[in-house]
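Structure file target_33.cif (mmCIF, C-alpha atoms and all ligand atoms) follows.
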```cif
data_query
#
loop_
_atom_site.label_atom_id
_atom_site.label_comp_id
_atom_site.auth_asym_id
_atom_site.auth_seq_id
_atom_site.Cartn_x
_atom_site.Cartn_y
_atom_site.Cartn_z
CA MET A 1 15.78 9.91 3.78
CA ALA A 2 19.07 8.40 4.90
CA ASP A 3 18.29 6.83 8.27
CA LEU A 4 15.22 4.74 7.63
CA ARG A 5 14.57 1.45 9.42
CA PHE A 6 12.11 -1.26 8.54
CA ARG A 7 10.71 -3.52 11.25
CA PRO A 8 7.81 -5.97 11.48
CA ALA A 9 4.64 -4.48 12.94
CA THR A 10 3.56 -5.47 16.44
CA ARG A 11 0.20 -5.21 18.24
CA ALA A 12 1.24 -1.70 19.33
CA ASP A 13 1.15 -0.64 15.67
CA ASP A 14 -2.52 -1.61 15.22
CA PRO A 15 -3.92 1.94 15.53
CA PHE A 16 -1.28 3.24 13.06
CA PHE A 17 -1.99 0.37 10.64
CA ARG A 18 -5.76 0.92 10.80
CA GLU A 19 -5.46 4.67 10.33
CA MET A 20 -3.10 4.38 7.35
CA GLU A 21 -5.37 1.75 5.84
CA PHE A 22 -8.39 3.97 6.32
CA GLN A 23 -6.68 7.00 4.78
CA THR A 24 -5.48 5.07 1.72
CA THR A 25 -8.93 3.54 1.20
CA TRP A 26 -10.77 6.82 1.74
CA ASP A 27 -8.44 8.63 -0.68
CA SER A 28 -9.07 5.90 -3.26
CA LEU A 29 -12.82 6.52 -3.28
CA ASP A 30 -14.36 9.20 -5.46
CA LEU A 31 -16.63 11.85 -3.94
CA GLU A 32 -19.81 10.02 -4.89
CA GLU A 33 -18.62 6.81 -3.22
CA ARG A 34 -17.55 8.69 -0.07
CA GLU A 35 -20.96 10.29 0.24
CA ALA A 36 -22.80 7.06 -0.45
CA LEU A 37 -20.82 5.01 2.07
CA GLY A 38 -19.66 7.36 4.82
CA ALA A 39 -16.46 7.00 6.84
CA GLU A 40 -17.89 4.68 9.51
CA THR A 41 -19.05 2.09 6.96
CA VAL A 42 -15.66 2.18 5.28
CA ARG A 43 -13.91 1.63 8.63
CA GLU A 44 -16.20 -1.32 9.44
CA ALA A 45 -15.70 -2.84 5.98
CA LEU A 46 -11.93 -2.51 6.39
CA ASP A 47 -11.99 -4.27 9.76
CA LEU A 48 -13.76 -7.19 8.11
CA THR A 49 -11.33 -7.19 5.17
CA HIS A 50 -8.43 -7.27 7.63
CA GLU A 51 -9.99 -10.16 9.50
CA LEU A 52 -10.32 -12.12 6.26
CA LEU A 53 -7.01 -11.25 4.60
CA LEU A 54 -4.67 -11.07 7.57
CA ASN A 55 -5.55 -14.65 8.52
CA ARG A 56 -4.12 -15.91 5.26
CA PRO A 57 -0.50 -17.09 5.24
CA GLY A 58 2.33 -14.95 3.89
CA ASN A 59 1.38 -11.53 5.20
CA ARG A 60 4.13 -9.15 6.27
CA ILE A 61 3.30 -5.79 7.74
CA VAL A 62 6.37 -3.60 7.73
CA ILE A 63 6.68 -0.31 9.58
CA ALA A 64 9.17 2.31 8.39
CA GLU A 65 10.66 4.44 11.15
CA ASN A 66 12.95 7.44 10.93
CA GLU A 67 15.94 8.35 13.10
CA ALA A 68 13.58 9.92 15.69
CA ASP A 69 11.73 6.56 15.99
CA GLU A 70 8.67 8.08 14.37
CA ARG A 71 6.47 5.84 12.24
CA VAL A 72 6.70 7.34 8.76
CA GLY A 73 5.34 4.64 6.49
CA LEU A 74 3.79 1.25 6.10
CA LEU A 75 3.98 -1.70 3.74
CA TRP A 76 1.47 -4.51 3.74
CA PHE A 77 2.96 -7.30 1.67
CA GLY A 78 1.16 -10.57 1.09
CA VAL A 79 0.17 -13.27 -1.34
CA ASN A 80 -2.66 -13.13 -3.82
CA ARG A 81 -4.12 -15.75 -6.12
CA ASN A 82 -4.19 -14.42 -9.66
CA LEU A 83 -7.77 -15.14 -10.76
CA ILE A 84 -6.78 -15.35 -14.43
CA THR A 85 -3.62 -17.45 -14.29
CA GLY A 86 -4.29 -19.25 -11.00
CA GLU A 87 -0.71 -18.36 -9.99
CA GLU A 88 0.13 -17.39 -6.42
CA GLU A 89 1.71 -13.99 -6.73
CA ALA A 90 3.29 -11.57 -4.31
CA TRP A 91 1.03 -8.60 -3.67
CA VAL A 92 1.33 -5.12 -2.22
CA TYR A 93 -1.94 -4.65 -0.33
CA ASN A 94 -0.89 -1.21 0.83
CA VAL A 95 2.06 1.09 0.70
CA SER A 96 1.59 4.43 2.38
CA VAL A 97 3.67 7.20 3.78
CA VAL A 98 2.61 9.69 6.47
CA PRO A 99 1.78 12.92 4.57
CA ALA A 100 4.50 15.04 6.26
CA PHE A 101 7.15 12.55 5.08
CA ARG A 102 6.12 12.14 1.44
CA SER A 103 8.41 12.91 -1.52
CA LEU A 104 11.52 11.91 0.43
CA GLY A 105 11.92 8.55 -1.25
CA ILE A 106 10.28 6.47 1.50
CA GLY A 107 7.55 5.09 -0.79
CA THR A 108 10.23 4.01 -3.26
CA ARG A 109 12.26 2.32 -0.49
CA LEU A 110 9.15 0.48 0.76
CA MET A 111 8.34 -0.73 -2.75
CA GLU A 112 11.94 -1.89 -3.24
CA HIS A 113 11.57 -3.77 0.04
CA ALA A 114 8.37 -5.40 -1.25
CA GLU A 115 10.25 -6.47 -4.35
CA SER A 116 13.03 -8.03 -2.32
CA LEU A 117 10.49 -9.86 -0.12
CA ALA A 118 8.85 -11.17 -3.30
CA ARG A 119 12.15 -12.30 -4.82
CA GLY A 120 13.21 -13.86 -1.50
CA GLY A 121 9.93 -15.80 -1.41
CA GLY A 122 10.58 -17.17 -4.90
CA PHE A 123 7.66 -15.30 -6.50
CA HIS A 124 7.77 -14.48 -10.20
CA THR A 125 5.31 -11.59 -10.04
CA LEU A 126 4.65 -8.67 -7.73
CA GLY A 127 1.24 -7.08 -8.19
CA LEU A 128 -0.94 -4.41 -6.66
CA MET A 129 -4.17 -2.56 -7.29
CA VAL A 130 -4.30 1.21 -7.47
CA SER A 131 -7.19 3.59 -7.81
CA SER A 132 -7.44 5.12 -11.27
CA HIS A 133 -7.39 8.66 -9.88
CA ASN A 134 -4.32 8.06 -7.69
CA ALA A 135 -1.87 9.59 -10.16
CA GLY A 136 0.94 10.01 -7.61
CA ALA A 137 1.00 6.33 -6.66
CA GLN A 138 0.74 5.30 -10.32
CA ARG A 139 3.80 7.44 -11.16
CA LEU A 140 5.74 5.74 -8.38
CA TYR A 141 4.81 2.26 -9.65
CA GLU A 142 5.52 3.10 -13.27
CA ARG A 143 8.91 4.50 -12.34
CA LEU A 144 9.59 1.13 -10.69
CA ALA A 145 8.62 -0.69 -13.94
CA PHE A 146 5.12 -1.81 -12.94
CA ARG A 147 2.77 -1.95 -15.90
CA SER A 148 -1.01 -1.88 -15.96
CA THR A 149 -2.47 -5.28 -16.90
CA ASN A 150 -6.21 -5.04 -16.12
CA LEU A 151 -8.73 -2.30 -15.74
CA VAL A 152 -11.67 -2.62 -13.33
CA MET A 153 -14.82 -0.87 -14.61
CA ARG A 154 -17.91 -0.07 -12.59
CA LYS A 155 -21.26 1.56 -13.10
CA ARG A 156 -23.22 2.79 -10.11
CA LEU A 157 -26.83 1.54 -10.39
C1 LIG B 1 2.13 6.85 -3.03
C2 LIG B 1 3.03 7.13 -1.81
C3 LIG B 1 3.19 5.86 -1.02
C4 LIG B 1 4.40 7.60 -2.32
O1 LIG B 1 5.24 7.75 -1.18
P1 LIG B 1 6.45 8.79 -1.18
O2 LIG B 1 7.29 8.50 0.00
O3 LIG B 1 5.94 10.16 -1.34
O4 LIG B 1 7.20 8.30 -2.52
P2 LIG B 1 8.62 8.80 -3.04
O5 LIG B 1 9.11 9.92 -2.20
O6 LIG B 1 9.49 7.61 -3.17
O7 LIG B 1 8.25 9.31 -4.48
C5 LIG B 1 7.27 10.35 -4.62
C6 LIG B 1 7.86 11.57 -5.29
O8 LIG B 1 8.96 12.06 -4.58
C7 LIG B 1 10.08 12.23 -5.43
N1 LIG B 1 11.27 11.94 -4.64
C8 LIG B 1 11.73 10.74 -4.28
N2 LIG B 1 12.85 10.86 -3.55
C9 LIG B 1 13.07 12.19 -3.42
C10 LIG B 1 14.06 12.95 -2.79
N3 LIG B 1 15.07 12.38 -2.12
N4 LIG B 1 13.96 14.29 -2.85
C11 LIG B 1 12.95 14.87 -3.52
N5 LIG B 1 11.98 14.20 -4.15
C12 LIG B 1 12.05 12.88 -4.12
C13 LIG B 1 9.87 11.22 -6.51
O9 LIG B 1 10.54 11.57 -7.69
C14 LIG B 1 8.38 11.27 -6.68
O10 LIG B 1 8.00 12.34 -7.49
P3 LIG B 1 6.67 12.25 -8.39
O11 LIG B 1 5.55 11.70 -7.51
O12 LIG B 1 6.42 13.65 -8.77
O13 LIG B 1 6.97 11.35 -9.52
C15 LIG B 1 2.45 8.29 -0.94
O14 LIG B 1 2.13 9.38 -1.76
C16 LIG B 1 1.22 7.91 -0.15
O15 LIG B 1 1.31 7.42 0.97
N6 LIG B 1 0.02 8.12 -0.73
C17 LIG B 1 -1.22 7.82 -0.04
C18 LIG B 1 -1.42 6.34 0.08
C19 LIG B 1 -1.57 5.70 -1.27
O16 LIG B 1 -2.27 6.21 -2.13
N7 LIG B 1 -0.90 4.55 -1.46
C20 LIG B 1 -1.00 3.78 -2.65
C21 LIG B 1 -2.02 2.74 -2.46
S1 LIG B 1 -2.20 1.73 -3.91
#
```
Would you write out, as structure tokens, the structure that this file holds?
Ligand SMILES: CC(C)(COP(=O)(O)OP(=O)(O)OC[C@H]1O[C@@H](n2cnc3c(N)ncnc32)[C@H](O)[C@@H]1OP(=O)(O)O)[C@@H](O)C(=O)NCCC(=O)NCCS
Amino acid sequence: MADLRFRPATRADDPFFREMEFQTTWDSLDLEEREALGAETVREALDLTHELLLNRPGNRIVIAENEADERVGLLWFGVNRNLITGEEEAWVYNVSVVPAFRSLGIGTRLMEHAESLARGGGFHTLGLMVSSHNAGAQRLYERLAFRSTNLVMRKRL
């Protein structure tokens, strides 16, 4: 997509941000987890997560808009403390593109933007977490030279 603009999110973007966050989270859950939790619980949990994480320093929420001023994508960039190394690292908390605008290169552009924010902030690492069944997102990250470093394992009890 040629004419793509990035701008910082404002209060007016809150509903868009929350909806994109919900969709990404919901898509990351497997069927069993969706049934066990339900959409309302996931929305409430996300609101709390936002309250906790967005109050930390270093967050940048970036909205991608097309030439028709439509919101087409979102990047939530921030800082994360690596629990193993103790290092403060740049982190992509979410990158998502409105379904109708996928496969046009917007996700790639948003990730390149995240990388330039990370470099500009003097970070040595850019990390993210991706659901193991999100093959599309994993392909995007691998194409951009991200490599898997840890694997989270869970057993439902
Ligand atoms: C993952 C996600 C952000 C990718 O966004 P996107 O805008 O579709 O990404 P891109 O267009 O840059 O790349 C996706 C595909 O389009 C292809 N593509 C990129 N530019 C293209 C172009 N100009 N023309 C045709 N195809 C193109 C890429 O090769 C890639 O193909 P592949 O997936 O088969 O390897 C998007 O699918 C999404 O929002 N998913 C839901 C949210 C999510 O899961 N986010 C990740 C959270 S960790």
All residues having an atom within 10 Å of ligand LIG 1 (chain B) (all atoms listed in the file) as a VMD selection string: chain A and resid 1 to 2 20 to 28 72 to 75 92 to 112 128 to 144
With only C-alpha atoms counted and 10 Å as the cut-off, give the residues of range 104-149 of chain A in contact with range 50-63 of chain A, each with its shortest interatomic distance in Å and the pair that gives it, as CSV.
```
residue,atom,partner,partner_atom,distance
A:Leu110,CA,A:Val62,CA,8.5
A:His113,CA,A:Val62,CA,9.3
A:Ala114,CA,A:Val62,CA,9.4
A:Leu117,CA,A:Arg60,CA,9.0
A:Gly121,CA,A:Gly58,CA,9.3
```
Between CA of Thr149 in chain A and CA of Gly127 in chain A, what distance in Å does the model show, to one decimal? 9.6 Å
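CA of Ala12 in chain A to CA of Ala90 in chain A spans 25.7 Å [interatomic distance, one decimal].
Closest approach to Asp14 in chain A among A:Leu151, A:Arg156, A:Ile84, A:Asp47: A:Asp47, based on only C-alpha atoms.
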Considering all atoms listed in the file, state which residue in the set A:Asn66, A:Ala145, A:Glu19, A:Leu29 is at the smallest distance from Arg43 in chain A. A:Glu19
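Rounded to one decimal, CA of Arg5 in chain A and CA of Phe17 in chain A lie 16.6 Å from each other.
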